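J.: Just so it is clear, I am handing over structure_1.cif, which has mmCIF, C-alpha atoms, pLDDT in the B column; chains and numbers go by the auth columns.
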data_structure
loop_
_atom_site.group_PDB
_atom_site.id
_atom_site.type_symbol
_atom_site.label_atom_id
_atom_site.label_comp_id
_atom_site.label_asym_id
_atom_site.label_seq_id
_atom_site.Cartn_x
_atom_site.Cartn_y
_atom_site.Cartn_z
_atom_site.B_iso_or_equiv
_atom_site.auth_seq_id
_atom_site.auth_asym_id
ATOM 1 C CA MET A 1 48.583 -171.537 34.010 94.00 173 A
ATOM 2 C CA TYR A 2 47.632 -169.042 36.703 95.00 174 A
ATOM 3 C CA PRO A 3 51.080 -167.435 37.118 96.00 175 A
ATOM 4 C CA ALA A 4 51.699 -167.410 33.355 97.00 176 A
ATOM 5 C CA VAL A 5 48.439 -165.583 32.634 97.00 177 A
ATOM 6 C CA TRP A 6 48.978 -163.234 35.574 97.00 178 A
ATOM 7 C CA GLY A 7 52.571 -162.431 34.649 96.00 179 A
ATOM 8 C CA ALA A 8 51.947 -161.855 30.957 97.00 180 A
ATOM 9 C CA SER A 9 48.704 -159.922 31.429 97.00 181 A
ATOM 10 C CA GLN A 10 49.846 -157.500 34.125 96.00 182 A
ATOM 11 C CA ILE A 11 52.099 -155.758 31.613 95.00 183 A
ATOM 12 C CA PHE A 12 48.941 -154.665 29.812 97.00 184 A
ATOM 13 C CA THR A 13 46.649 -154.146 32.793 96.00 185 A
ATOM 14 C CA GLY A 14 49.183 -151.938 34.571 93.00 186 A
ATOM 15 C CA ALA A 15 49.376 -149.681 31.529 94.00 187 A
ATOM 16 C CA LEU A 16 45.592 -149.831 31.154 96.00 188 A
ATOM 17 C CA SER A 17 45.174 -148.436 34.670 95.00 189 A
ATOM 18 C CA ASP A 18 47.136 -145.368 33.518 94.00 190 A
ATOM 19 C CA LYS A 19 44.485 -144.818 30.862 94.00 191 A
ATOM 20 C CA ILE A 20 41.171 -145.724 32.485 94.00 192 A
ATOM 21 C CA GLY A 21 41.898 -145.385 36.209 95.00 193 A
ATOM 22 C CA ARG A 22 42.515 -147.669 39.138 97.00 194 A
ATOM 23 C CA LYS A 23 39.288 -148.266 41.047 97.00 195 A
ATOM 24 C CA TRP A 24 37.272 -150.292 38.580 97.00 196 A
ATOM 25 C CA LEU A 25 40.219 -152.425 37.459 97.00 197 A
ATOM 26 C CA ILE A 26 40.705 -153.318 41.122 97.00 198 A
ATOM 27 C CA VAL A 27 37.000 -153.979 41.711 98.00 199 A
ATOM 28 C CA TRP A 28 36.447 -156.051 38.557 98.00 200 A
ATOM 29 C CA GLY A 29 39.774 -157.807 39.084 98.00 201 A
ATOM 30 C CA MET A 30 38.694 -158.935 42.551 98.00 202 A
ATOM 31 C CA TRP A 31 35.375 -160.129 41.170 98.00 203 A
ATOM 32 C CA LEU A 32 37.117 -161.977 38.325 98.00 204 A
ATOM 33 C CA GLN A 33 39.414 -163.637 40.860 98.00 205 A
ATOM 34 C CA ALA A 34 36.373 -164.708 42.885 98.00 206 A
ATOM 35 C CA GLY A 35 34.817 -166.120 39.719 98.00 207 A
ATOM 36 C CA GLY A 36 37.993 -168.047 38.917 98.00 208 A
ATOM 37 C CA ILE A 37 38.077 -169.521 42.407 97.00 209 A
ATOM 38 C CA ALA A 38 34.381 -170.445 42.137 98.00 210 A
ATOM 39 C CA VAL A 39 34.929 -172.164 38.769 98.00 211 A
ATOM 40 C CA THR A 40 37.805 -174.108 40.324 96.00 212 A
ATOM 41 C CA ALA A 41 35.635 -175.115 43.307 96.00 213 A
ATOM 42 C CA LEU A 42 32.894 -176.365 40.966 96.00 214 A
ATOM 43 C CA THR A 43 34.984 -178.629 38.775 93.00 215 A
ATOM 44 C CA ALA A 44 36.964 -181.836 38.736 89.00 216 A
ATOM 45 C CA ASP A 45 37.978 -181.836 35.056 94.00 217 A
ATOM 46 C CA PHE A 46 41.185 -180.351 33.708 95.00 218 A
ATOM 47 C CA MET A 47 39.726 -178.008 31.080 96.00 219 A
ATOM 48 C CA THR A 48 37.371 -176.275 33.486 96.00 220 A
ATOM 49 C CA PHE A 49 40.092 -176.174 36.142 95.00 221 A
ATOM 50 C CA GLY A 50 42.265 -174.467 33.504 97.00 222 A
ATOM 51 C CA LEU A 51 39.500 -171.942 32.850 97.00 223 A
ATOM 52 C CA GLY A 52 39.407 -171.159 36.569 97.00 224 A
ATOM 53 C CA ALA A 53 43.173 -170.652 36.554 97.00 225 A
ATOM 54 C CA VAL A 54 42.966 -168.309 33.549 98.00 226 A
ATOM 55 C CA LEU A 55 40.196 -166.246 35.177 98.00 227 A
ATOM 56 C CA LEU A 56 42.150 -166.081 38.427 97.00 228 A
ATOM 57 C CA GLY A 57 45.275 -165.023 36.526 97.00 229 A
ATOM 58 C CA LEU A 58 43.462 -162.275 34.611 98.00 230 A
ATOM 59 C CA GLY A 59 41.855 -160.993 37.808 98.00 231 A
ATOM 60 C CA THR A 60 45.170 -160.955 39.628 97.00 232 A
ATOM 61 C CA ALA A 61 46.775 -159.131 36.695 98.00 233 A
ATOM 62 C CA MET A 62 44.069 -156.482 36.952 98.00 234 A
ATOM 63 C CA VAL A 63 44.543 -156.050 40.708 97.00 235 A
ATOM 64 C CA TYR A 64 48.248 -156.531 41.457 95.00 236 A
ATOM 65 C CA PRO A 65 49.952 -153.691 39.545 95.00 237 A
ATOM 66 C CA THR A 66 46.928 -151.441 39.919 96.00 238 A
ATOM 67 C CA LEU A 67 46.944 -151.545 43.716 95.00 239 A
ATOM 68 C CA LEU A 68 50.631 -150.602 43.731 94.00 240 A
ATOM 69 C CA ALA A 69 49.907 -147.767 41.288 94.00 241 A
ATOM 70 C CA ALA A 70 47.070 -146.540 43.521 95.00 242 A
ATOM 71 C CA ILE A 71 49.507 -146.352 46.442 94.00 243 A
ATOM 72 C CA GLY A 72 51.883 -144.360 44.265 92.00 244 A
ATOM 73 C CA ASP A 73 49.058 -142.015 43.295 93.00 245 A
ATOM 74 C CA VAL A 74 48.299 -140.962 46.861 93.00 246 A
ATOM 75 C CA ALA A 75 51.687 -141.176 48.570 93.00 247 A
ATOM 76 C CA HIS A 76 53.985 -138.168 48.501 94.00 248 A
ATOM 77 C CA PRO A 77 57.334 -139.037 46.899 93.00 249 A
ATOM 78 C CA SER A 78 59.144 -138.472 50.210 95.00 250 A
ATOM 79 C CA TRP A 79 57.249 -141.344 51.871 94.00 251 A
ATOM 80 C CA ARG A 80 56.112 -143.414 48.873 94.00 252 A
ATOM 81 C CA ALA A 81 58.548 -146.271 49.558 94.00 253 A
ATOM 82 C CA SER A 82 57.345 -146.505 53.150 95.00 254 A
ATOM 83 C CA ALA A 83 53.711 -146.440 52.016 94.00 255 A
ATOM 84 C CA VAL A 84 54.357 -149.317 49.608 94.00 256 A
ATOM 85 C CA GLY A 85 56.109 -151.188 52.432 94.00 257 A
ATOM 86 C CA VAL A 86 53.133 -150.747 54.761 94.00 258 A
ATOM 87 C CA TYR A 87 50.737 -151.843 52.008 92.00 259 A
ATOM 88 C CA ARG A 88 52.852 -154.943 51.290 93.00 260 A
ATOM 89 C CA PHE A 89 53.026 -155.791 55.005 95.00 261 A
ATOM 90 C CA TRP A 90 49.233 -155.835 55.312 93.00 262 A
ATOM 91 C CA ARG A 91 48.797 -157.593 51.961 90.00 263 A
ATOM 92 C CA ASP A 92 51.301 -160.299 52.884 93.00 264 A
ATOM 93 C CA LEU A 93 49.757 -160.660 56.344 94.00 265 A
ATOM 94 C CA GLY A 94 46.481 -161.296 54.532 90.00 266 A
ATOM 95 C CA TYR A 95 48.127 -164.172 52.660 89.00 267 A
ATOM 96 C CA ALA A 96 49.174 -165.762 55.959 94.00 268 A
ATOM 97 C CA VAL A 97 45.831 -165.192 57.702 95.00 269 A
ATOM 98 C CA GLY A 98 43.967 -166.351 54.591 93.00 270 A
ATOM 99 C CA ALA A 99 46.018 -169.534 54.422 94.00 271 A
ATOM 100 C CA LEU A 100 45.317 -170.289 58.079 97.00 272 A
ATOM 101 C CA LEU A 101 41.607 -169.541 57.673 96.00 273 A
ATOM 102 C CA ALA A 102 41.375 -171.673 54.523 96.00 274 A
ATOM 103 C CA GLY A 103 43.313 -174.498 56.197 97.00 275 A
ATOM 104 C CA ILE A 104 41.134 -174.495 59.291 98.00 276 A
ATOM 105 C CA THR A 105 37.993 -174.375 57.141 98.00 277 A
ATOM 106 C CA ALA A 106 39.290 -177.239 54.982 98.00 278 A
ATOM 107 C CA ASP A 107 40.076 -179.330 58.063 98.00 279 A
ATOM 108 C CA LEU A 108 36.641 -178.721 59.547 98.00 280 A
ATOM 109 C CA PHE A 109 34.419 -178.766 56.455 98.00 281 A
ATOM 110 C CA GLY A 110 36.487 -179.923 53.470 97.00 282 A
ATOM 111 C CA LEU A 111 38.443 -178.378 50.619 96.00 283 A
ATOM 112 C CA VAL A 112 35.499 -177.223 48.506 96.00 284 A
ATOM 113 C CA PRO A 113 33.861 -175.219 51.327 97.00 285 A
ATOM 114 C CA ALA A 114 37.257 -173.634 52.021 97.00 286 A
ATOM 115 C CA MET A 115 37.517 -172.591 48.386 97.00 287 A
ATOM 116 C CA TRP A 116 33.988 -171.140 48.500 98.00 288 A
ATOM 117 C CA LEU A 117 34.968 -169.166 51.598 97.00 289 A
ATOM 118 C CA VAL A 118 37.991 -167.728 49.776 96.00 290 A
ATOM 119 C CA ALA A 119 35.823 -166.908 46.747 97.00 291 A
ATOM 120 C CA ALA A 120 33.249 -165.188 48.971 97.00 292 A
ATOM 121 C CA LEU A 121 35.891 -163.141 50.812 96.00 293 A
ATOM 122 C CA THR A 122 37.453 -162.120 47.507 96.00 294 A
ATOM 123 C CA LEU A 123 34.051 -161.101 46.132 98.00 295 A
ATOM 124 C CA LEU A 124 33.391 -159.149 49.338 97.00 296 A
ATOM 125 C CA SER A 125 36.741 -157.358 48.984 96.00 297 A
ATOM 126 C CA GLY A 126 35.694 -156.228 45.517 97.00 298 A
ATOM 127 C CA LEU A 127 32.332 -155.052 46.843 98.00 299 A
ATOM 128 C CA ILE A 128 33.979 -153.079 49.646 97.00 300 A
ATOM 129 C CA SER A 129 36.336 -151.516 47.094 96.00 301 A
ATOM 130 C CA ALA A 130 33.383 -150.614 44.853 97.00 302 A
ATOM 131 C CA VAL A 131 31.627 -148.861 47.722 98.00 303 A
ATOM 132 C CA ARG A 132 34.483 -147.353 49.724 97.00 304 A
ATOM 133 C CA MET A 133 37.375 -146.731 47.333 95.00 305 A
ATOM 134 C CA THR A 134 37.777 -143.446 45.532 94.00 306 A
ATOM 135 C CA GLU A 135 39.525 -143.161 42.189 95.00 307 A
ATOM 136 C CA THR A 136 43.167 -142.251 42.775 92.00 308 A
ATOM 137 C CA PHE A 137 44.285 -141.703 39.188 89.00 309 A
ATOM 138 C CA THR A 138 43.935 -138.345 37.533 78.00 310 A
ATOM 139 C CA ARG A 139 45.204 -137.369 34.086 71.00 311 A
ATOM 140 C CA GLY A 140 47.650 -134.874 35.535 59.00 312 A
ATOM 141 C CA THR A 141 49.536 -137.521 37.530 49.00 313 A
ATOM 142 C CA GLY A 142 50.141 -140.149 34.863 47.00 314 A
#
Would you mind writing the file out in structure tokens?

T.:
Amino acid sequence: MYPAVWGASQIFTGALSDKIGRKWLIVWGMWLQAGGIAVTALTADFMTFGLGAVLLGLGTAMVYPTLLAAIGDVAHPSWRASAVGVYRFWRDLGYAVGALLAGITADLFGLVPAMWLVAALTLLSGLISAVRMTETFTRGTG
């Protein structure tokens, strides 16, 4: 459910970021992802687990294409491909570090606390983006 919602929705959210801007789609997308993870951590039944997957998919759809667009907004065309490569390196490194952190936490404290840690870190990422990120999209560039 998660990848289906993410994949289908990002077609619309990517275009939406060209209309309303990048920052708040990224911020609210991170918060929606955190909410989806929290719903998943709270439940044992299939319907609520599905709701968590849908929320996580919508949040990811808001964040994924929009972050790439934000890189494109600020990178000069002569080094845009390199900028995207650097962004993807750090993003993918985060997947690996996050998996190790979640695995260690799950081994020490259990799966549910590990999921709460991931939800909290995702929520914190959205908060940092809300405070520190500046809007990269301007009408003249899109």

J.: Could you tell me, as a list in words, exactly which residues end up selected when the PyMOL selection byres ((chain A and resi 176) around 12) is applied to this structure?

T.: Met173, Tyr174, Pro175, Val177, Trp178, Gly179, Ala180, Ser181, Gln182, Ile183, Gly222, Ala225, Val226, Leu227, Leu228, Gly229, Leu230, Thr232 and Ala233 of chain A

J.: Set the distance at 6 Å and use all atoms listed in the file: which residues neighbour range 292-303 of chain A once local chain neighbours fewer than 6 positions away are removed? I'd like the list as a compact mmCIF listing (two decimals) with C-alpha atoms, in the coordinates of the input.

T.:
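Once everything was written out, this is around_0.txt:
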# COMPACT_ATOMS: atom_id res chain seq x y z
CA VAL A 199 37.00 -153.98 41.71
CA MET A 202 38.69 -158.94 42.55
CA TRP A 203 35.38 -160.13 41.17
CA ALA A 206 36.37 -164.71 42.88

J.: Skip Ala247 in chain A itself and residues of its chain fewer than 4 positions away, then list as a PyMOL selection string all residues within 12 Å of it, counting all atoms listed in the file.

T.: chain A and resi 240-243+251-259+308-309+313

J.: Would you put the residues from that selection into a file with C-alpha atoms, as a PDB file, keeping the file's coordinate frame?

T.:
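Writing the result to selection.pdb gives the following:
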ATOM      1  CA  LEU A 240      50.631-150.602  43.731  1.00 94.00           C
ATOM      2  CA  ALA A 241      49.907-147.767  41.288  1.00 94.00           C
ATOM      3  CA  ALA A 242      47.070-146.540  43.521  1.00 95.00           C
ATOM      4  CA  ILE A 243      49.507-146.352  46.442  1.00 94.00           C
ATOM      5  CA  TRP A 251      57.249-141.344  51.871  1.00 94.00           C
ATOM      6  CA  ARG A 252      56.112-143.414  48.873  1.00 94.00           C
ATOM      7  CA  ALA A 253      58.548-146.271  49.558  1.00 94.00           C
ATOM      8  CA  SER A 254      57.345-146.505  53.150  1.00 95.00           C
ATOM      9  CA  ALA A 255      53.711-146.440  52.016  1.00 94.00           C
ATOM     10  CA  VAL A 256      54.357-149.317  49.608  1.00 94.00           C
ATOM     11  CA  GLY A 257      56.109-151.188  52.432  1.00 94.00           C
ATOM     12  CA  VAL A 258      53.133-150.747  54.761  1.00 94.00           C
ATOM     13  CA  TYR A 259      50.737-151.843  52.008  1.00 92.00           C
ATOM     14  CA  THR A 308      43.167-142.251  42.775  1.00 92.00           C
ATOM     15  CA  PHE A 309      44.285-141.703  39.188  1.00 89.00           C
ATOM     16  CA  THR A 313      49.536-137.521  37.530  1.00 49.00           C
TER      17      THR A 313
END

J.: CA of Leu197 in chain A to CA of Gly224 in chain A: how many Å, to one decimal?

T.: 18.8 Å

J.: State, in Å with one decimal place, the distance from CA of Leu223 in chain A to CA of Ile198 in chain A.

T.: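 Separating CA of Leu223 in chain A from CA of Ile198 in chain A is a distance of 20.4 Å.
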
J.: Which polymer residues, protein or nucleic acid, are no farther than 7 Å from (40.6, -167.1, 53.7), counting only C-alpha atoms, as an NGL selection string?

T.: :A and (269-271 or 273-274 or 289-290 or 293)

J.: Mind giving me the straight-line distance from CA of Gln205 in chain A to CA of Lys191 in chain A in Å, one decimal?

T.: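 Answer for the CA of Gln205 in chain A to CA of Lys191 in chain A separation: 21.9 Å.
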
J.: Find the residues near Met287 in chain A: any atom within 10 Å, counting all atoms listed in the file, skip ones fewer than 4 places away on the same chain, and give them as a ChimeraX atom specification.

T.: /A:206,209-214,274-275,277-278,282-283,291-293

J.: Could those selected residues go to a file with C-alpha atoms, as a PDB file, in the frame of the given file?

T.:
ATOM      1  CA  ALA A 206      36.373-164.708  42.885  1.00 98.00           C
ATOM      2  CA  ILE A 209      38.077-169.521  42.407  1.00 97.00           C
ATOM      3  CA  ALA A 210      34.381-170.445  42.137  1.00 98.00           C
ATOM      4  CA  VAL A 211      34.929-172.164  38.769  1.00 98.00           C
ATOM      5  CA  THR A 212      37.805-174.108  40.324  1.00 96.00           C
ATOM      6  CA  ALA A 213      35.635-175.115  43.307  1.00 96.00           C
ATOM      7  CA  LEU A 214      32.894-176.365  40.966  1.00 96.00           C
ATOM      8  CA  ALA A 274      41.375-171.673  54.523  1.00 96.00           C
ATOM      9  CA  GLY A 275      43.313-174.498  56.197  1.00 97.00           C
ATOM     10  CA  THR A 277      37.993-174.375  57.141  1.00 98.00           C
ATOM     11  CA  ALA A 278      39.290-177.239  54.982  1.00 98.00           C
ATOM     12  CA  GLY A 282      36.487-179.923  53.470  1.00 97.00           C
ATOM     13  CA  LEU A 283      38.443-178.378  50.619  1.00 96.00           C
ATOM     14  CA  ALA A 291      35.823-166.908  46.747  1.00 97.00           C
ATOM     15  CA  ALA A 292      33.249-165.188  48.971  1.00 97.00           C
ATOM     16  CA  LEU A 293      35.891-163.141  50.812  1.00 96.00           C
TER      17      LEU A 293
END

J.: Taking into account only C-alpha atoms, which residue in the set A:Met219, A:Val235, A:Met305, A:Leu204 is nearest to Phe184 in chain A?

T.: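 Nearest candidate to Phe184 in chain A out of A:Met219, A:Val235, A:Met305, A:Leu204: A:Val235.
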